[in-house]
Amino acid sequence: MKELSLHILDIVQNSIRAKASKIELRITEDIDNNQFEIQITDNGIGMDKVFLDKVTSPFVTSRKTRNVGLGISLLKQNAEQSGGFFTINSESNKGTIIKAVFEHQNIDRPILGDVAGTMTLLIGANPQIHFIYLHKKELEQFYFDTEEVKNEIDTIPIQHPDILKALKELINENLNDIKATIN
Amino acid sequence: MKVKSLADLRKIKDEVHEKIKLREQSENAEQIVQIKVAMATCGIASGAKEIMSYIIDELDYSGIDGVVTQTGCMGYCYAEPTIEVKLPGKAPVVYGFVTKGKAKEIIERYIIKGELVDGVIPVTYRTIDE
């Protein structure tokens with residue numbers, strides 16, 4: 001994947017397939033400790049211990065259409081190549097927490113990229129899911145919550161193209177404000 | 001106007017509301033075009049995200065009532081990005097190796113005019129339920 005936002009798009013598909021109704025993306029930039037952390041938490045069906053132990057293998061998937069599952073493996077590989085690490089915790093019927101940590105300054109860390117586009121695409125395709133996106137950079141932070149948006153626009157569907165366009169702009173403007181490292 | 005806060009969002013709400021009222025009569029799931037973009041690892045790595053945004057914009061631009069959603073891997077990883085297009089009353093078809101140009105061709109020729117467009121992949125395609 002060329003951008004971390006594509007990894008996020010990919011990993012969130014797992015949460016959606018796990019029937020999550022609430023998905024939280026948390027990006028934390030810690031410049032002092034040279035860390036760039038991505039955490040994705042969902043309340044989906046989770047995994048049992050047996051599956052969890054082998055889930056980072058590229059030859060494991062719950063799909064029936066093919067026998068390889070590269071999403072998690074690729075993210076893990078990217079994190080490890082950038083001097084970071086990857087962890088995954090899950091409990092059946094409770095949910096899953098995935099964490100990928102990169103060295104912020106590492107030359108092999110892919111750029112974050114179009115995270116606003118990723119979020120709006122996910123919201124548009126899954127309007128019923130409650131998405132939260134929290135981006136922290138040192139002392140500054142940006143908090144985005146689709147429930148707040150839905151309250152604001154009341155009867156208008158959140159997946160309306162004009163609303164999505166506005167949300168994309170809203171996210172980009174705010175990320176710019178807190179000087180989030182996107183490129 | 002720049003949208004930066006929820007308050008700004010509230011301002012554009014009324015505009016959107018008017019637009020929706022105009023189109024409401026045609027709001028019928030059976031009568032709208034349904035497009036699914038394959039968005040698994042294989043699709044995303046091949047650029048499905050850009051294709052999906054492009055299709056959403058093009059449909060809106062052409063004034064076509066359509067829903068664009070995501071689907072999983074259909075097993076045609078070699079042909080990503082793939083999209084499934086379902087016209088009202090017709091069986092779904094899948095196109096492979098979809099570029100922006102191809103997407104435009106599919107919208108202009110298949111969706112609007114109903115012509116056959118090259119690039120349909122499998123012979124025995126069945127929609128996946130998940």
# chains A, B, ... in the order shown; residues from 1 in each chain; ligands from 1
>>> select_by_dssp(residues="chain B", states="helix (DSSP H, G or I)", output="PDB file with N, CA and C atoms, in the first residue's frame")
ATOM      1  N   LEU B   6     -19.005  21.941  12.796  1.00  0.00           N
ATOM      2  CA  LEU B   6     -20.360  21.416  12.663  1.00  0.00           C
ATOM      3  C   LEU B   6     -21.349  22.527  12.356  1.00  0.00           C
ATOM      4  N   ALA B   7     -21.035  23.733  12.842  1.00  0.00           N
ATOM      5  CA  ALA B   7     -21.918  24.864  12.575  1.00  0.00           C
ATOM      6  C   ALA B   7     -21.947  25.183  11.080  1.00  0.00           C
ATOM      7  N   ASP B   8     -20.793  25.075  10.421  1.00  0.00           N
ATOM      8  CA  ASP B   8     -20.734  25.309   8.969  1.00  0.00           C
ATOM      9  C   ASP B   8     -21.561  24.273   8.235  1.00  0.00           C
ATOM     10  N   LEU B   9     -21.543  23.071   8.777  1.00  0.00           N
ATOM     11  CA  LEU B   9     -22.277  21.960   8.176  1.00  0.00           C
ATOM     12  C   LEU B   9     -23.774  22.256   8.208  1.00  0.00           C
ATOM     13  N   ARG B  10     -24.200  22.842   9.328  1.00  0.00           N
ATOM     14  CA  ARG B  10     -25.614  23.167   9.492  1.00  0.00           C
ATOM     15  C   ARG B  10     -26.066  24.148   8.409  1.00  0.00           C
ATOM     16  N   LYS B  11     -25.124  25.021   8.010  1.00  0.00           N
ATOM     17  CA  LYS B  11     -25.469  26.023   7.006  1.00  0.00           C
ATOM     18  C   LYS B  11     -25.750  25.410   5.643  1.00  0.00           C
ATOM     19  N   ILE B  12     -24.989  24.389   5.273  1.00  0.00           N
ATOM     20  CA  ILE B  12     -25.209  23.813   3.940  1.00  0.00           C
ATOM     21  C   ILE B  12     -26.374  22.823   3.955  1.00  0.00           C
ATOM     22  N   LYS B  13     -26.850  22.525   5.157  1.00  0.00           N
ATOM     23  CA  LYS B  13     -27.922  21.548   5.316  1.00  0.00           C
ATOM     24  C   LYS B  13     -29.158  21.903   4.480  1.00  0.00           C
ATOM     25  N   ASP B  14     -29.543  23.180   4.528  1.00  0.00           N
ATOM     26  CA  ASP B  14     -30.766  23.585   3.835  1.00  0.00           C
ATOM     27  C   ASP B  14     -30.660  23.416   2.325  1.00  0.00           C
ATOM     28  N   GLU B  15     -29.494  23.780   1.788  1.00  0.00           N
ATOM     29  CA  GLU B  15     -29.258  23.603   0.352  1.00  0.00           C
ATOM     30  C   GLU B  15     -29.464  22.146  -0.047  1.00  0.00           C
ATOM     31  N   VAL B  16     -28.837  21.275   0.722  1.00  0.00           N
ATOM     32  CA  VAL B  16     -28.930  19.854   0.409  1.00  0.00           C
ATOM     33  C   VAL B  16     -30.372  19.378   0.529  1.00  0.00           C
ATOM     34  N   HIS B  17     -31.063  19.919   1.513  1.00  0.00           N
ATOM     35  CA  HIS B  17     -32.444  19.538   1.751  1.00  0.00           C
ATOM     36  C   HIS B  17     -33.307  19.827   0.531  1.00  0.00           C
ATOM     37  N   GLU B  18     -33.096  20.991  -0.083  1.00  0.00           N
ATOM     38  CA  GLU B  18     -33.840  21.364  -1.281  1.00  0.00           C
ATOM     39  C   GLU B  18     -33.573  20.383  -2.418  1.00  0.00           C
ATOM     40  N   LYS B  19     -32.307  20.068  -2.590  1.00  0.00           N
ATOM     41  CA  LYS B  19     -31.897  19.138  -3.644  1.00  0.00           C
ATOM     42  C   LYS B  19     -32.587  17.800  -3.475  1.00  0.00           C
ATOM     43  N   ILE B  20     -32.630  17.327  -2.235  1.00  0.00           N
ATOM     44  CA  ILE B  20     -33.222  16.021  -1.972  1.00  0.00           C
ATOM     45  C   ILE B  20     -34.699  16.023  -2.321  1.00  0.00           C
ATOM     46  N   LYS B  21     -35.379  17.130  -1.982  1.00  0.00           N
ATOM     47  CA  LYS B  21     -36.811  17.214  -2.268  1.00  0.00           C
ATOM     48  C   LYS B  21     -37.081  17.051  -3.757  1.00  0.00           C
ATOM     49  N   LEU B  22     -36.201  17.672  -4.576  1.00  0.00           N
ATOM     50  CA  LEU B  22     -36.374  17.614  -6.018  1.00  0.00           C
ATOM     51  C   LEU B  22     -36.254  16.193  -6.554  1.00  0.00           C
ATOM     52  N   ARG B  23     -35.399  15.421  -5.914  1.00  0.00           N
ATOM     53  CA  ARG B  23     -35.130  14.092  -6.447  1.00  0.00           C
ATOM     54  C   ARG B  23     -35.945  12.996  -5.774  1.00  0.00           C
ATOM     55  N   GLU B  24     -36.712  13.386  -4.777  1.00  0.00           N
ATOM     56  CA  GLU B  24     -37.379  12.394  -3.943  1.00  0.00           C
ATOM     57  C   GLU B  24     -38.259  11.405  -4.706  1.00  0.00           C
ATOM     58  N   GLN B  25     -38.940  11.901  -5.737  1.00  0.00           N
ATOM     59  CA  GLN B  25     -39.878  11.032  -6.446  1.00  0.00           C
ATOM     60  C   GLN B  25     -39.225   9.788  -7.022  1.00  0.00           C
ATOM     61  N   SER B  26     -37.981   9.921  -7.395  1.00  0.00           N
ATOM     62  CA  SER B  26     -37.340   8.778  -8.019  1.00  0.00           C
ATOM     63  C   SER B  26     -36.637   7.870  -6.996  1.00  0.00           C
ATOM     64  N   ALA B  29     -35.539   1.990  -4.531  1.00  0.00           N
ATOM     65  CA  ALA B  29     -34.373   1.106  -4.596  1.00  0.00           C
ATOM     66  C   ALA B  29     -34.367   0.216  -5.838  1.00  0.00           C
ATOM     67  N   GLU B  30     -35.575  -0.137  -6.311  1.00  0.00           N
ATOM     68  CA  GLU B  30     -35.657  -1.032  -7.469  1.00  0.00           C
ATOM     69  C   GLU B  30     -35.289  -0.310  -8.755  1.00  0.00           C
ATOM     70  N   GLN B  31     -35.385   1.027  -8.711  1.00  0.00           N
ATOM     71  CA  GLN B  31     -35.205   1.762  -9.955  1.00  0.00           C
ATOM     72  C   GLN B  31     -33.874   2.467 -10.064  1.00  0.00           C
ATOM     73  N   THR B  41      -8.225  -6.065   0.254  1.00  0.00           N
ATOM     74  CA  THR B  41      -6.822  -5.679   0.135  1.00  0.00           C
ATOM     75  C   THR B  41      -6.393  -5.570  -1.323  1.00  0.00           C
ATOM     76  N   CYS B  42      -6.787  -6.570  -2.122  1.00  0.00           N
ATOM     77  CA  CYS B  42      -6.376  -6.602  -3.529  1.00  0.00           C
ATOM     78  C   CYS B  42      -6.911  -5.393  -4.288  1.00  0.00           C
ATOM     79  N   GLY B  43      -8.181  -5.057  -4.030  1.00  0.00           N
ATOM     80  CA  GLY B  43      -8.790  -3.932  -4.719  1.00  0.00           C
ATOM     81  C   GLY B  43      -8.149  -2.624  -4.306  1.00  0.00           C
ATOM     82  N   ILE B  44      -7.988  -2.444  -3.003  1.00  0.00           N
ATOM     83  CA  ILE B  44      -7.429  -1.191  -2.483  1.00  0.00           C
ATOM     84  C   ILE B  44      -6.016  -0.972  -3.016  1.00  0.00           C
ATOM     85  N   ALA B  45      -5.219  -2.059  -3.026  1.00  0.00           N
ATOM     86  CA  ALA B  45      -3.840  -1.938  -3.488  1.00  0.00           C
ATOM     87  C   ALA B  45      -3.797  -1.564  -4.971  1.00  0.00           C
ATOM     88  N   ALA B  48      -8.721   0.952  -5.939  1.00  0.00           N
ATOM     89  CA  ALA B  48     -10.181   0.958  -5.894  1.00  0.00           C
ATOM     90  C   ALA B  48     -10.737   2.218  -5.224  1.00  0.00           C
ATOM     91  N   LYS B  49      -9.966   2.780  -4.304  1.00  0.00           N
ATOM     92  CA  LYS B  49     -10.460   3.951  -3.579  1.00  0.00           C
ATOM     93  C   LYS B  49     -10.687   5.115  -4.533  1.00  0.00           C
ATOM     94  N   GLU B  50      -9.705   5.357  -5.388  1.00  0.00           N
ATOM     95  CA  GLU B  50      -9.817   6.446  -6.347  1.00  0.00           C
ATOM     96  C   GLU B  50     -10.963   6.213  -7.323  1.00  0.00           C
ATOM     97  N   ILE B  51     -11.093   4.955  -7.757  1.00  0.00           N
ATOM     98  CA  ILE B  51     -12.153   4.618  -8.704  1.00  0.00           C
ATOM     99  C   ILE B  51     -13.517   4.858  -8.062  1.00  0.00           C
ATOM    100  N   MET B  52     -13.636   4.470  -6.782  1.00  0.00           N
ATOM    101  CA  MET B  52     -14.911   4.649  -6.109  1.00  0.00           C
ATOM    102  C   MET B  52     -15.269   6.135  -5.982  1.00  0.00           C
ATOM    103  N   SER B  53     -14.308   6.952  -5.577  1.00  0.00           N
ATOM    104  CA  SER B  53     -14.589   8.390  -5.456  1.00  0.00           C
ATOM    105  C   SER B  53     -14.973   8.948  -6.821  1.00  0.00           C
ATOM    106  N   TYR B  54     -14.265   8.479  -7.845  1.00  0.00           N
ATOM    107  CA  TYR B  54     -14.526   8.969  -9.204  1.00  0.00           C
ATOM    108  C   TYR B  54     -15.957   8.632  -9.630  1.00  0.00           C
ATOM    109  N   ILE B  55     -16.370   7.382  -9.371  1.00  0.00           N
ATOM    110  CA  ILE B  55     -17.714   6.956  -9.775  1.00  0.00           C
ATOM    111  C   ILE B  55     -18.787   7.751  -9.036  1.00  0.00           C
ATOM    112  N   ILE B  56     -18.573   7.948  -7.725  1.00  0.00           N
ATOM    113  CA  ILE B  56     -19.542   8.735  -6.945  1.00  0.00           C
ATOM    114  C   ILE B  56     -19.688  10.137  -7.543  1.00  0.00           C
ATOM    115  N   ASP B  57     -18.555  10.752  -7.859  1.00  0.00           N
ATOM    116  CA  ASP B  57     -18.584  12.099  -8.431  1.00  0.00           C
ATOM    117  C   ASP B  57     -19.261  12.113  -9.796  1.00  0.00           C
ATOM    118  N   GLU B  58     -18.902  11.151 -10.637  1.00  0.00           N
ATOM    119  CA  GLU B  58     -19.455  11.107 -11.994  1.00  0.00           C
ATOM    120  C   GLU B  58     -20.966  10.899 -11.986  1.00  0.00           C
ATOM    121  N   LEU B  59     -21.447   9.993 -11.122  1.00  0.00           N
ATOM    122  CA  LEU B  59     -22.884   9.740 -11.047  1.00  0.00           C
ATOM    123  C   LEU B  59     -23.608  11.003 -10.631  1.00  0.00           C
ATOM    124  N   ASP B  60     -23.039  11.675  -9.628  1.00  0.00           N
ATOM    125  CA  ASP B  60     -23.646  12.897  -9.134  1.00  0.00           C
ATOM    126  C   ASP B  60     -23.649  13.952 -10.237  1.00  0.00           C
ATOM    127  N   TYR B  61     -22.525  14.050 -10.930  1.00  0.00           N
ATOM    128  CA  TYR B  61     -22.356  15.026 -12.006  1.00  0.00           C
ATOM    129  C   TYR B  61     -23.331  14.768 -13.148  1.00  0.00           C
ATOM    130  N   SER B  62     -23.527  13.471 -13.485  1.00  0.00           N
ATOM    131  CA  SER B  62     -24.427  13.134 -14.591  1.00  0.00           C
ATOM    132  C   SER B  62     -25.885  13.095 -14.149  1.00  0.00           C
ATOM    133  N   CYS B  77      -8.833 -11.221  -8.024  1.00  0.00           N
ATOM    134  CA  CYS B  77      -7.769 -10.325  -7.582  1.00  0.00           C
ATOM    135  C   CYS B  77      -6.890  -9.874  -8.746  1.00  0.00           C
ATOM    136  N   TYR B  78      -6.722 -10.745  -9.737  1.00  0.00           N
ATOM    137  CA  TYR B  78      -5.854 -10.420 -10.877  1.00  0.00           C
ATOM    138  C   TYR B  78      -6.424  -9.280 -11.704  1.00  0.00           C
ATOM    139  N   ALA B  79      -7.726  -9.053 -11.576  1.00  0.00           N
ATOM    140  CA  ALA B  79      -8.385  -8.079 -12.451  1.00  0.00           C
ATOM    141  C   ALA B  79      -8.808  -6.819 -11.713  1.00  0.00           C
ATOM    142  N   LYS B 100     -10.113   5.022 -14.555  1.00  0.00           N
ATOM    143  CA  LYS B 100     -11.084   6.120 -14.601  1.00  0.00           C
ATOM    144  C   LYS B 100     -11.733   6.189 -15.981  1.00  0.00           C
ATOM    145  N   GLY B 101     -10.934   5.984 -17.011  1.00  0.00           N
ATOM    146  CA  GLY B 101     -11.451   6.023 -18.374  1.00  0.00           C
ATOM    147  C   GLY B 101     -12.510   4.961 -18.595  1.00  0.00           C
ATOM    148  N   LYS B 102     -12.186   3.759 -18.083  1.00  0.00           N
ATOM    149  CA  LYS B 102     -13.131   2.645 -18.227  1.00  0.00           C
ATOM    150  C   LYS B 102     -14.420   2.962 -17.463  1.00  0.00           C
ATOM    151  N   ALA B 103     -14.266   3.516 -16.268  1.00  0.00           N
ATOM    152  CA  ALA B 103     -15.433   3.848 -15.449  1.00  0.00           C
ATOM    153  C   ALA B 103     -16.324   4.839 -16.183  1.00  0.00           C
ATOM    154  N   LYS B 104     -15.702   5.802 -16.823  1.00  0.00           N
ATOM    155  CA  LYS B 104     -16.454   6.812 -17.577  1.00  0.00           C
ATOM    156  C   LYS B 104     -17.210   6.139 -18.717  1.00  0.00           C
ATOM    157  N   GLU B 105     -16.526   5.223 -19.399  1.00  0.00           N
ATOM    158  CA  GLU B 105     -17.141   4.515 -20.519  1.00  0.00           C
ATOM    159  C   GLU B 105     -18.338   3.686 -20.025  1.00  0.00           C
ATOM    160  N   ILE B 106     -18.150   3.021 -18.873  1.00  0.00           N
ATOM    161  CA  ILE B 106     -19.235   2.200 -18.320  1.00  0.00           C
ATOM    162  C   ILE B 106     -20.446   3.067 -17.986  1.00  0.00           C
ATOM    163  N   ILE B 107     -20.182   4.223 -17.387  1.00  0.00           N
ATOM    164  CA  ILE B 107     -21.287   5.108 -17.023  1.00  0.00           C
ATOM    165  C   ILE B 107     -21.976   5.650 -18.276  1.00  0.00           C
ATOM    166  N   GLU B 108     -21.180   6.144 -19.220  1.00  0.00           N
ATOM    167  CA  GLU B 108     -21.773   6.790 -20.403  1.00  0.00           C
ATOM    168  C   GLU B 108     -22.438   5.803 -21.337  1.00  0.00           C
ATOM    169  N   ARG B 109     -21.824   4.624 -21.503  1.00  0.00           N
ATOM    170  CA  ARG B 109     -22.382   3.706 -22.498  1.00  0.00           C
ATOM    171  C   ARG B 109     -23.280   2.635 -21.878  1.00  0.00           C
ATOM    172  N   TYR B 110     -22.832   1.992 -20.804  1.00  0.00           N
ATOM    173  CA  TYR B 110     -23.662   0.922 -20.247  1.00  0.00           C
ATOM    174  C   TYR B 110     -24.806   1.458 -19.387  1.00  0.00           C
ATOM    175  N   ILE B 111     -24.480   2.320 -18.433  1.00  0.00           N
ATOM    176  CA  ILE B 111     -25.506   2.786 -17.507  1.00  0.00           C
ATOM    177  C   ILE B 111     -26.508   3.724 -18.185  1.00  0.00           C
ATOM    178  N   ILE B 112     -26.013   4.677 -18.955  1.00  0.00           N
ATOM    179  CA  ILE B 112     -26.932   5.647 -19.552  1.00  0.00           C
ATOM    180  C   ILE B 112     -27.619   5.095 -20.801  1.00  0.00           C
TER     181      ILE B 112
END
>>> interface_residues(of="chain A", to="chain B", cutoff="9 Å", atoms="only C-alpha atoms", output="PyMOL selection string")
chain A and resi 1-2+6-7+9-11+13-14+17+63-66+69-71+117-118+121-122+124-126+148-149+152-156+160-163+166-174
>>> write_last_selection(atoms="N, CA and C atoms", output="compact mmCIF listing (two decimals), in the first residue's frame")
# COMPACT_ATOMS: atom_id res chain seq x y z
N MET A 1 0.83 -1.20 0.00
CA MET A 1 0.00 0.00 0.00
C MET A 1 0.87 1.25 0.00
N LYS A 2 0.46 2.23 -0.80
CA LYS A 2 1.28 3.43 -0.94
C LYS A 2 1.09 4.39 0.22
N LEU A 6 -4.67 3.97 3.06
CA LEU A 6 -5.18 2.80 2.34
C LEU A 6 -5.19 1.57 3.26
N HIS A 7 -4.16 1.48 4.10
CA HIS A 7 -4.15 0.40 5.10
C HIS A 7 -5.37 0.54 6.01
N LEU A 9 -8.24 1.99 5.37
CA LEU A 9 -9.42 1.61 4.60
C LEU A 9 -9.56 0.08 4.58
N ASP A 10 -8.43 -0.57 4.40
CA ASP A 10 -8.41 -2.02 4.29
C ASP A 10 -8.76 -2.70 5.62
N ILE A 11 -8.12 -2.23 6.69
CA ILE A 11 -8.33 -2.86 8.00
C ILE A 11 -9.77 -2.62 8.49
N GLN A 13 -12.32 -2.53 6.71
CA GLN A 13 -13.20 -3.50 6.04
C GLN A 13 -13.34 -4.76 6.89
N ASN A 14 -12.27 -5.12 7.58
CA ASN A 14 -12.34 -6.29 8.47
C ASN A 14 -13.37 -6.05 9.57
N ARG A 17 -16.81 -6.33 8.16
CA ARG A 17 -17.16 -7.74 7.95
C ARG A 17 -17.44 -8.44 9.27
N ARG A 63 -12.29 -15.53 4.48
CA ARG A 63 -13.01 -15.48 3.21
C ARG A 63 -13.10 -16.84 2.55
N LYS A 64 -14.09 -16.96 1.69
CA LYS A 64 -14.23 -18.21 0.94
C LYS A 64 -13.81 -18.02 -0.51
N THR A 65 -13.66 -16.76 -0.94
CA THR A 65 -13.36 -16.54 -2.36
C THR A 65 -11.89 -16.75 -2.71
N ARG A 66 -11.02 -16.71 -1.70
CA ARG A 66 -9.59 -16.95 -1.96
C ARG A 66 -8.94 -17.42 -0.66
N GLY A 69 -4.87 -13.93 2.87
CA GLY A 69 -5.39 -12.73 3.53
C GLY A 69 -4.23 -11.82 3.84
N LEU A 70 -4.04 -10.79 3.02
CA LEU A 70 -2.81 -10.00 3.12
C LEU A 70 -2.97 -8.71 3.91
N GLY A 71 -4.20 -8.30 4.18
CA GLY A 71 -4.42 -6.99 4.78
C GLY A 71 -3.61 -6.75 6.04
N GLY A 117 -10.39 11.32 2.71
CA GLY A 117 -11.08 10.57 1.65
C GLY A 117 -11.45 9.18 2.12
N THR A 118 -10.53 8.55 2.85
CA THR A 118 -10.81 7.22 3.40
C THR A 118 -12.02 7.27 4.32
N LEU A 121 -15.30 7.94 2.38
CA LEU A 121 -15.69 6.78 1.59
C LEU A 121 -16.34 5.72 2.49
N LEU A 122 -15.73 5.52 3.64
CA LEU A 122 -16.26 4.54 4.59
C LEU A 122 -17.64 4.96 5.10
N GLY A 124 -19.77 6.99 3.60
CA GLY A 124 -20.73 6.93 2.51
C GLY A 124 -21.21 5.51 2.24
N ALA A 125 -20.30 4.56 2.34
CA ALA A 125 -20.67 3.18 2.02
C ALA A 125 -21.31 2.47 3.22
N ASN A 126 -21.08 2.99 4.42
CA ASN A 126 -21.63 2.35 5.62
C ASN A 126 -22.24 3.40 6.54
N GLU A 148 -22.31 12.99 16.00
CA GLU A 148 -22.45 14.45 16.12
C GLU A 148 -22.91 15.04 14.81
N VAL A 149 -22.33 14.51 13.72
CA VAL A 149 -22.70 15.01 12.39
C VAL A 149 -24.17 14.71 12.13
N GLU A 152 -26.51 16.99 13.73
CA GLU A 152 -26.49 18.31 13.11
C GLU A 152 -27.33 18.39 11.85
N ILE A 153 -27.27 17.33 11.02
CA ILE A 153 -27.96 17.39 9.73
C ILE A 153 -29.34 16.74 9.78
N ASP A 154 -29.83 16.44 10.87
CA ASP A 154 -30.97 15.57 11.20
C ASP A 154 -31.54 14.68 10.10
N THR A 155 -32.51 15.10 9.29
CA THR A 155 -33.14 14.13 8.40
C THR A 155 -32.33 13.85 7.12
N ILE A 156 -31.35 14.67 6.87
CA ILE A 156 -30.58 14.47 5.64
C ILE A 156 -29.64 13.28 5.80
N HIS A 160 -25.24 11.48 1.60
CA HIS A 160 -25.49 12.36 0.46
C HIS A 160 -24.15 12.94 -0.04
N PRO A 161 -23.94 12.92 -1.37
CA PRO A 161 -22.64 13.36 -1.89
C PRO A 161 -22.20 14.73 -1.39
N ASP A 162 -23.14 15.67 -1.29
CA ASP A 162 -22.77 17.02 -0.84
C ASP A 162 -22.31 17.02 0.62
N ILE A 163 -22.96 16.20 1.43
CA ILE A 163 -22.57 16.11 2.84
C ILE A 163 -21.17 15.48 2.94
N ALA A 166 -18.58 17.93 2.06
CA ALA A 166 -18.39 18.89 3.14
C ALA A 166 -17.59 18.25 4.29
N LEU A 167 -17.87 16.99 4.57
CA LEU A 167 -17.16 16.33 5.66
C LEU A 167 -15.68 16.17 5.34
N LYS A 168 -15.42 15.87 4.06
CA LYS A 168 -14.02 15.71 3.64
C LYS A 168 -13.27 17.02 3.86
N GLU A 169 -13.93 18.10 3.48
CA GLU A 169 -13.32 19.41 3.65
C GLU A 169 -13.11 19.72 5.14
N LEU A 170 -14.14 19.39 5.93
CA LEU A 170 -14.07 19.63 7.37
C LEU A 170 -12.88 18.90 7.98
N ILE A 171 -12.72 17.63 7.61
CA ILE A 171 -11.61 16.86 8.17
C ILE A 171 -10.27 17.45 7.73
N ASN A 172 -10.15 17.73 6.43
CA ASN A 172 -8.89 18.27 5.93
C ASN A 172 -8.52 19.60 6.57
N GLU A 173 -9.52 20.48 6.70
CA GLU A 173 -9.27 21.79 7.31
C GLU A 173 -8.75 21.64 8.74
N ASN A 174 -9.40 20.75 9.48
CA ASN A 174 -9.02 20.59 10.89
C ASN A 174 -7.67 19.91 11.05
>>> residues_around(residues="Leu52 of chain A", least_positions_apart="2", cutoff="12 Å", atoms="only C-alpha atoms", output="mmCIF file with N, CA and C atoms, in the first residue's frame")
data_model
loop_
_atom_site.group_PDB
_atom_site.id
_atom_site.type_symbol
_atom_site.label_atom_id
_atom_site.label_comp_id
_atom_site.auth_asym_id
_atom_site.auth_seq_id
_atom_site.Cartn_x
_atom_site.Cartn_y
_atom_site.Cartn_z
ATOM 1 N N GLY A 46 -15.260 -10.082 16.763
ATOM 2 C CA GLY A 46 -13.971 -10.497 17.296
ATOM 3 C C GLY A 46 -13.506 -11.848 16.774
ATOM 4 N N MET A 47 -12.452 -12.364 17.416
ATOM 5 C CA MET A 47 -11.894 -13.654 16.987
ATOM 6 C C MET A 47 -11.624 -14.495 18.224
ATOM 7 N N ASP A 48 -11.644 -15.800 18.044
ATOM 8 C CA ASP A 48 -11.251 -16.639 19.180
ATOM 9 C C ASP A 48 -9.726 -16.748 19.208
ATOM 10 N N LYS A 49 -9.233 -17.280 20.299
ATOM 11 C CA LYS A 49 -7.792 -17.338 20.527
ATOM 12 C C LYS A 49 -7.067 -18.065 19.392
ATOM 13 N N VAL A 50 -7.659 -19.150 18.938
ATOM 14 C CA VAL A 50 -7.023 -19.977 17.916
ATOM 15 C C VAL A 50 -6.812 -19.186 16.616
ATOM 16 N N LYS A 54 -3.068 -16.989 14.620
ATOM 17 C CA LYS A 54 -2.524 -17.173 13.278
ATOM 18 C C LYS A 54 -2.957 -16.072 12.312
ATOM 19 N N VAL A 55 -3.645 -15.028 12.835
ATOM 20 C CA VAL A 55 -4.270 -14.058 11.932
ATOM 21 C C VAL A 55 -3.256 -13.202 11.161
ATOM 22 N N THR A 56 -2.044 -13.026 11.700
ATOM 23 C CA THR A 56 -1.073 -12.204 10.971
ATOM 24 C C THR A 56 -0.394 -12.984 9.839
ATOM 25 N N SER A 57 -0.685 -14.253 9.724
ATOM 26 C CA SER A 57 -0.129 -15.032 8.614
ATOM 27 C C SER A 57 -0.853 -14.686 7.320
ATOM 28 N N VAL A 60 -3.856 -16.953 6.032
ATOM 29 C CA VAL A 60 -5.060 -17.140 6.836
ATOM 30 C C VAL A 60 -6.082 -16.067 6.473
ATOM 31 N N THR A 61 -7.300 -16.497 6.241
ATOM 32 C CA THR A 61 -8.396 -15.566 5.977
ATOM 33 C C THR A 61 -9.703 -16.260 6.324
ATOM 34 N N SER A 62 -10.748 -15.446 6.567
ATOM 35 C CA SER A 62 -12.049 -16.070 6.821
ATOM 36 C C SER A 62 -12.876 -16.063 5.543
ATOM 37 N N ILE A 72 -3.793 -7.629 7.012
ATOM 38 C CA ILE A 72 -3.088 -7.474 8.287
ATOM 39 C C ILE A 72 -1.590 -7.713 8.104
ATOM 40 N N THR A 87 0.425 -4.825 16.960
ATOM 41 C CA THR A 87 -0.230 -5.730 17.909
ATOM 42 C C THR A 87 -1.699 -5.854 17.551
ATOM 43 N N ILE A 88 -2.272 -6.986 17.890
ATOM 44 C CA ILE A 88 -3.698 -7.168 17.684
ATOM 45 C C ILE A 88 -4.265 -7.922 18.884
ATOM 46 N N ASN A 89 -5.355 -7.392 19.417
ATOM 47 C CA ASN A 89 -6.046 -8.036 20.531
ATOM 48 C C ASN A 89 -7.496 -8.205 20.146
ATOM 49 N N SER A 90 -8.057 -9.327 20.512
ATOM 50 C CA SER A 90 -9.433 -9.551 20.145
ATOM 51 C C SER A 90 -10.093 -10.507 21.114
ATOM 52 N N GLU A 91 -11.399 -10.330 21.274
ATOM 53 C CA GLU A 91 -12.143 -11.241 22.117
ATOM 54 C C GLU A 91 -13.450 -11.548 21.393
ATOM 55 N N SER A 92 -13.817 -12.819 21.385
ATOM 56 C CA SER A 92 -15.053 -13.204 20.707
ATOM 57 C C SER A 92 -16.228 -12.410 21.246
ATOM 58 N N GLY A 95 -15.007 -7.565 20.371
ATOM 59 C CA GLY A 95 -14.400 -6.642 19.418
ATOM 60 C C GLY A 95 -12.913 -6.864 19.271
ATOM 61 N N THR A 96 -12.308 -5.991 18.495
ATOM 62 C CA THR A 96 -10.897 -6.149 18.160
ATOM 63 C C THR A 96 -10.189 -4.799 18.262
ATOM 64 N N ILE A 97 -8.954 -4.821 18.722
ATOM 65 C CA ILE A 97 -8.130 -3.610 18.735
ATOM 66 C C ILE A 97 -6.845 -3.909 17.962
ATOM 67 N N ILE A 98 -6.596 -3.105 16.962
ATOM 68 C CA ILE A 98 -5.381 -3.269 16.167
ATOM 69 C C ILE A 98 -4.512 -2.046 16.364
#
